[in-house]
Amino acid sequence: MKLASMTAAAAVLAALTFVAGPAMSGQFGCKRGAVECYEKVQLPDRYHTIAREVVVRPGHRQVFDLPPVVGSRAARVVVAPGRIHRQHVPAIYSQAVSRVLVHPGSVRYRHEPAVVRTVHETVVVRSGSTRWEHGVDRHGREVKCKVPTPAVTRTVARQVVVAPASRIPVVSPAVYRHVVRTVLVHPERVVTRVEPAVTALVHRPIVLRPAERHIVDHPPVTRIEHIKVRAGSGGYGWRPIGRYDRHW
């Protein structure tokens with residue numbers, strides 16, 4: 001930055017010298033009879049300082065491969081599969097004795113006449129009464145006495161119903177016979193028996209964590225540096241010549 005300031009100051013001084021040259025040369029003659037004299041000179045190049053980013057260490061990538069983590073887990077596996085057995089069982093029959101109706105029972109009625117008997121009873125023909133009898137007692141007195149007169153009865157016969165006439169039912173029982181027949185006790189069927197599967201406990205490897213790849217990108221390391229670059233060529237200019245310059 002200091003070098004750039006010094007270069008800019010030199011360029012400004014040269015420009016002021018070029019502009020102010022005629023005034024100064026008017027005071028100092030370089031040749032007898034000359035009003036102004038100039039000398040052609042080469043001006044210095046122009047420079048300025050710039051800042052740029054410089055890579056100190058380039059970026060790079062790191063790859064980390066992590067192996068898988070493997071463990072074991074107990075699992076039940078089928079050693080022998082289950083099976084189904086079917087057995088045919090035939091029908092079972094038996095002999096049964098049953099009573100079969102040959103003739104059904106019936107009812108008929110028998111007439112029974114009334115039972116009558118003869119009964120003798122005494123009946124009053126004339127009922128008993130009293131009458132007055134006149135007489136002389138033993139003392140010679142005339143007396144009157146009331147004397148009962150017995151009733152007049154007779155025996156008569158009459159028919160008495162001991163039991164009235166009736167209808168007596170006469171039941172004829174049903175007639176049965178025994179018959180032997182074959183009956184089904186158990187029908188024909190199929191018995192199914194299931195045989196369970198045989199299992200065992202085994203340890204199998206399992207991946208607890210799969211393999212992983214980690215990629216780490218490191219950025220480049222840079223720094224800022226300042227460099228002086230040429231801004232342009234100085235070219236040529238005219239420098240005034242004073243009176244003490246002895247070119248002539």
# chains A, B, ... in the order shown; residues from 1 in each chain; ligands from 1
>>> select_by_dssp(residues="range 39-120 of chain A", states="strand (DSSP E)", output="ChimeraX atom specification")
/A:39-42,46-57,60-66,69-80,83-89,92-103,106-112,115-120
>>> closest_atom_pairs(of="range 40-98 of chain A", to="range 187-207 of chain A", cutoff="9 Å", atoms="only C-alpha atoms", output="Markdown table")
| residue | atom | partner | partner_atom | distance |
| --- | --- | --- | --- | --- |
| A:Pro68 | CA | A:Val207 | CA | 6.9 |
| A:Val69 | CA | A:Val207 | CA | 6.0 |
| A:Val70 | CA | A:Val207 | CA | 4.5 |
| A:Gly71 | CA | A:Ile206 | CA | 5.4 |
| A:Ser72 | CA | A:Pro205 | CA | 4.2 |
| A:Arg73 | CA | A:His203 | CA | 5.3 |
| A:Ala74 | CA | A:His203 | CA | 4.3 |
| A:Ala75 | CA | A:Val202 | CA | 5.5 |
| A:Arg76 | CA | A:Leu201 | CA | 4.4 |
| A:Val77 | CA | A:Thr199 | CA | 5.4 |
| A:Val78 | CA | A:Thr199 | CA | 4.3 |
| A:Val79 | CA | A:Thr199 | CA | 5.1 |
| A:Ala80 | CA | A:Val198 | CA | 4.9 |
| A:Pro81 | CA | A:Ala197 | CA | 4.5 |
| A:Gly82 | CA | A:Ala197 | CA | 3.7 |
| A:Arg83 | CA | A:Glu195 | CA | 5.1 |
| A:Ile84 | CA | A:Val194 | CA | 4.6 |
| A:His85 | CA | A:Arg193 | CA | 5.0 |
| A:Arg86 | CA | A:Thr192 | CA | 4.5 |
| A:Gln87 | CA | A:Val191 | CA | 5.1 |
| A:His88 | CA | A:Val190 | CA | 4.6 |
| A:Val89 | CA | A:Arg189 | CA | 5.4 |
| A:Pro90 | CA | A:Glu188 | CA | 4.7 |
| A:Ala91 | CA | A:Glu188 | CA | 4.0 |
| A:Ile92 | CA | A:Pro187 | CA | 6.5 |
| A:Tyr93 | CA | A:Pro187 | CA | 8.5 |
>>> write_last_selection(atoms="N, CA, C and O atoms", output="CSV table (one decimal), in the first residue's frame")
chain,number,residue,atom,x,y,z
A,68,PRO,N,-19.8,-53.2,9.1
A,68,PRO,CA,-21.1,-53.4,9.8
A,68,PRO,C,-20.9,-54.1,11.1
A,68,PRO,O,-19.9,-54.8,11.4
A,69,VAL,N,-21.8,-53.8,12.0
A,69,VAL,CA,-21.8,-54.4,13.3
A,69,VAL,C,-22.8,-55.6,13.3
A,69,VAL,O,-24.0,-55.4,13.0
A,70,VAL,N,-22.2,-56.8,13.5
A,70,VAL,CA,-23.0,-58.0,13.4
A,70,VAL,C,-23.2,-58.6,14.8
A,70,VAL,O,-22.2,-58.7,15.5
A,71,GLY,N,-24.4,-59.1,15.1
A,71,GLY,CA,-24.7,-59.8,16.3
A,71,GLY,C,-25.4,-61.0,16.0
A,71,GLY,O,-25.5,-61.5,14.9
A,72,SER,N,-26.0,-61.6,17.0
A,72,SER,CA,-26.8,-62.9,16.9
A,72,SER,C,-28.1,-62.7,17.6
A,72,SER,O,-28.2,-62.0,18.6
A,73,ARG,N,-29.1,-63.4,17.1
A,73,ARG,CA,-30.4,-63.3,17.7
A,73,ARG,C,-31.0,-64.7,17.6
A,73,ARG,O,-30.9,-65.4,16.6
A,74,ALA,N,-31.6,-65.1,18.8
A,74,ALA,CA,-32.2,-66.4,18.9
A,74,ALA,C,-33.6,-66.4,18.1
A,74,ALA,O,-34.4,-65.5,18.3
A,75,ALA,N,-33.8,-67.4,17.3
A,75,ALA,CA,-35.0,-67.5,16.5
A,75,ALA,C,-35.5,-68.9,16.5
A,75,ALA,O,-34.6,-69.8,16.5
A,76,ARG,N,-36.8,-69.1,16.6
A,76,ARG,CA,-37.3,-70.5,16.5
A,76,ARG,C,-37.6,-70.9,15.1
A,76,ARG,O,-38.3,-70.1,14.4
A,77,VAL,N,-37.0,-72.0,14.7
A,77,VAL,CA,-37.2,-72.4,13.3
A,77,VAL,C,-37.9,-73.8,13.3
A,77,VAL,O,-37.9,-74.5,14.3
A,78,VAL,N,-38.5,-74.1,12.2
A,78,VAL,CA,-39.3,-75.4,12.1
A,78,VAL,C,-38.3,-76.4,11.6
A,78,VAL,O,-37.7,-76.3,10.5
A,79,VAL,N,-38.1,-77.4,12.5
A,79,VAL,CA,-37.2,-78.6,12.1
A,79,VAL,C,-38.0,-79.6,11.3
A,79,VAL,O,-37.5,-80.1,10.2
A,80,ALA,N,-39.2,-79.9,11.7
A,80,ALA,CA,-40.1,-80.8,11.0
A,80,ALA,C,-41.5,-80.2,10.9
A,80,ALA,O,-42.0,-79.8,11.9
A,81,PRO,N,-42.0,-80.1,9.7
A,81,PRO,CA,-43.3,-79.4,9.6
A,81,PRO,C,-44.4,-80.3,10.2
A,81,PRO,O,-44.3,-81.5,10.4
A,82,GLY,N,-45.5,-79.7,10.6
A,82,GLY,CA,-46.6,-80.4,11.2
A,82,GLY,C,-47.3,-81.2,10.1
A,82,GLY,O,-47.3,-80.9,8.9
A,83,ARG,N,-48.0,-82.3,10.6
A,83,ARG,CA,-48.7,-83.2,9.7
A,83,ARG,C,-50.1,-83.4,10.2
A,83,ARG,O,-50.4,-83.3,11.4
A,84,ILE,N,-51.0,-83.8,9.2
A,84,ILE,CA,-52.4,-84.1,9.5
A,84,ILE,C,-52.6,-85.5,9.2
A,84,ILE,O,-52.4,-85.9,8.0
A,85,HIS,N,-53.1,-86.3,10.1
A,85,HIS,CA,-53.4,-87.7,9.9
A,85,HIS,C,-54.9,-87.9,9.9
A,85,HIS,O,-55.6,-87.5,10.9
A,86,ARG,N,-55.5,-88.5,8.9
A,86,ARG,CA,-56.9,-88.8,8.8
A,86,ARG,C,-57.1,-90.3,8.8
A,86,ARG,O,-56.6,-91.0,8.1
A,87,GLN,N,-58.0,-90.7,9.8
A,87,GLN,CA,-58.3,-92.1,9.9
A,87,GLN,C,-59.8,-92.4,9.7
A,87,GLN,O,-60.6,-91.7,10.2
A,88,HIS,N,-60.1,-93.4,8.8
A,88,HIS,CA,-61.5,-93.7,8.5
A,88,HIS,C,-62.0,-94.6,9.5
A,88,HIS,O,-61.5,-95.7,9.8
A,89,VAL,N,-63.1,-94.3,10.2
A,89,VAL,CA,-63.8,-95.1,11.2
A,89,VAL,C,-65.1,-95.6,10.6
A,89,VAL,O,-65.9,-94.7,10.2
A,90,PRO,N,-65.3,-96.9,10.4
A,90,PRO,CA,-66.5,-97.4,9.8
A,90,PRO,C,-67.7,-97.1,10.8
A,90,PRO,O,-67.6,-96.9,12.0
A,91,ALA,N,-68.9,-97.3,10.2
A,91,ALA,CA,-70.1,-97.1,11.0
A,91,ALA,C,-70.3,-98.3,11.9
A,91,ALA,O,-69.9,-99.4,11.6
A,92,ILE,N,-70.9,-98.0,13.1
A,92,ILE,CA,-71.2,-99.1,14.1
A,92,ILE,C,-72.7,-99.3,14.2
A,92,ILE,O,-73.5,-98.3,14.3
A,93,TYR,N,-73.1,-100.6,14.0
A,93,TYR,CA,-74.5,-100.9,14.0
A,93,TYR,C,-74.7,-101.9,15.2
A,93,TYR,O,-73.8,-102.5,15.8
>>> select_by_dssp(residues="range 13-183 of chain A", states="helix (DSSP H, G or I)", output="PyMOL selection string")
chain A and resi 13-25
>>> residues_around(residues="Val116 in chain A", least_positions_apart="5", cutoff="12 Å", atoms="only C-alpha atoms", output="PyMOL selection string")
chain A and resi 158-165
>>> write_last_selection(atoms="all heavy atoms", output="mmCIF file, in the first residue's frame")
data_model
loop_
_atom_site.group_PDB
_atom_site.id
_atom_site.type_symbol
_atom_site.label_atom_id
_atom_site.label_comp_id
_atom_site.auth_asym_id
_atom_site.auth_seq_id
_atom_site.Cartn_x
_atom_site.Cartn_y
_atom_site.Cartn_z
ATOM 1 N N ARG A 158 -143.429 -104.701 48.081
ATOM 2 C CA ARG A 158 -143.146 -103.802 46.947
ATOM 3 C C ARG A 158 -141.718 -104.055 46.435
ATOM 4 O O ARG A 158 -140.866 -104.562 47.152
ATOM 5 C CB ARG A 158 -143.325 -102.343 47.346
ATOM 6 C CG ARG A 158 -142.378 -101.840 48.386
ATOM 7 C CD ARG A 158 -142.715 -100.416 48.778
ATOM 8 N NE ARG A 158 -141.762 -99.871 49.744
ATOM 9 C CZ ARG A 158 -140.669 -99.216 49.438
ATOM 10 N NH1 ARG A 158 -140.376 -98.993 48.155
ATOM 11 N NH2 ARG A 158 -139.856 -98.775 50.397
ATOM 12 N N GLN A 159 -141.490 -103.692 45.137
ATOM 13 C CA GLN A 159 -140.193 -103.914 44.471
ATOM 14 C C GLN A 159 -139.296 -102.683 44.725
ATOM 15 O O GLN A 159 -139.695 -101.541 44.502
ATOM 16 C CB GLN A 159 -140.391 -104.103 42.968
ATOM 17 C CG GLN A 159 -141.246 -105.315 42.616
ATOM 18 C CD GLN A 159 -140.499 -106.608 42.924
ATOM 19 O OE1 GLN A 159 -139.295 -106.710 42.791
ATOM 20 N NE2 GLN A 159 -141.233 -107.609 43.390
ATOM 21 N N VAL A 160 -138.042 -102.939 45.134
ATOM 22 C CA VAL A 160 -137.046 -101.886 45.403
ATOM 23 C C VAL A 160 -135.844 -102.119 44.501
ATOM 24 O O VAL A 160 -135.339 -103.253 44.408
ATOM 25 C CB VAL A 160 -136.615 -101.883 46.883
ATOM 26 C CG1 VAL A 160 -135.550 -100.828 47.125
ATOM 27 C CG2 VAL A 160 -137.815 -101.668 47.765
ATOM 28 N N VAL A 161 -135.417 -101.055 43.770
ATOM 29 C CA VAL A 161 -134.240 -101.144 42.879
ATOM 30 C C VAL A 161 -132.992 -101.045 43.729
ATOM 31 O O VAL A 161 -132.731 -100.008 44.362
ATOM 32 C CB VAL A 161 -134.262 -100.027 41.814
ATOM 33 C CG1 VAL A 161 -133.006 -100.093 40.965
ATOM 34 C CG2 VAL A 161 -135.513 -100.139 40.966
ATOM 35 N N VAL A 162 -132.245 -102.128 43.762
ATOM 36 C CA VAL A 162 -130.992 -102.129 44.527
ATOM 37 C C VAL A 162 -129.869 -101.476 43.707
ATOM 38 O O VAL A 162 -129.112 -100.654 44.217
ATOM 39 C CB VAL A 162 -130.618 -103.559 44.928
ATOM 40 C CG1 VAL A 162 -129.285 -103.588 45.645
ATOM 41 C CG2 VAL A 162 -131.713 -104.163 45.775
ATOM 42 N N ALA A 163 -129.800 -101.810 42.417
ATOM 43 C CA ALA A 163 -128.772 -101.218 41.527
ATOM 44 C C ALA A 163 -129.438 -100.931 40.208
ATOM 45 O O ALA A 163 -130.100 -101.797 39.642
ATOM 46 C CB ALA A 163 -127.578 -102.145 41.340
ATOM 47 N N PRO A 164 -129.263 -99.693 39.682
ATOM 48 C CA PRO A 164 -129.929 -99.378 38.420
ATOM 49 C C PRO A 164 -129.229 -100.079 37.261
ATOM 50 O O PRO A 164 -128.096 -100.562 37.367
ATOM 51 C CB PRO A 164 -129.792 -97.867 38.318
ATOM 52 C CG PRO A 164 -128.567 -97.552 39.086
ATOM 53 C CD PRO A 164 -128.509 -98.533 40.210
ATOM 54 N N ALA A 165 -129.911 -100.137 36.151
ATOM 55 C CA ALA A 165 -129.326 -100.727 34.944
ATOM 56 C C ALA A 165 -128.141 -99.856 34.496
ATOM 57 O O ALA A 165 -128.133 -98.634 34.662
ATOM 58 C CB ALA A 165 -130.379 -100.816 33.849
#
>>> closest_residue(among="A:Leu208, A:Val175, A:Leu184, A:Val221", to="Val100 in chain A", atoms="only C-alpha atoms")
A:Val175
>>> residues_around(residues="Val102 in chain A", least_positions_apart="5", cutoff="8 Å", atoms="only C-alpha atoms", output="VMD selection string")
chain A and resid 174 to 177
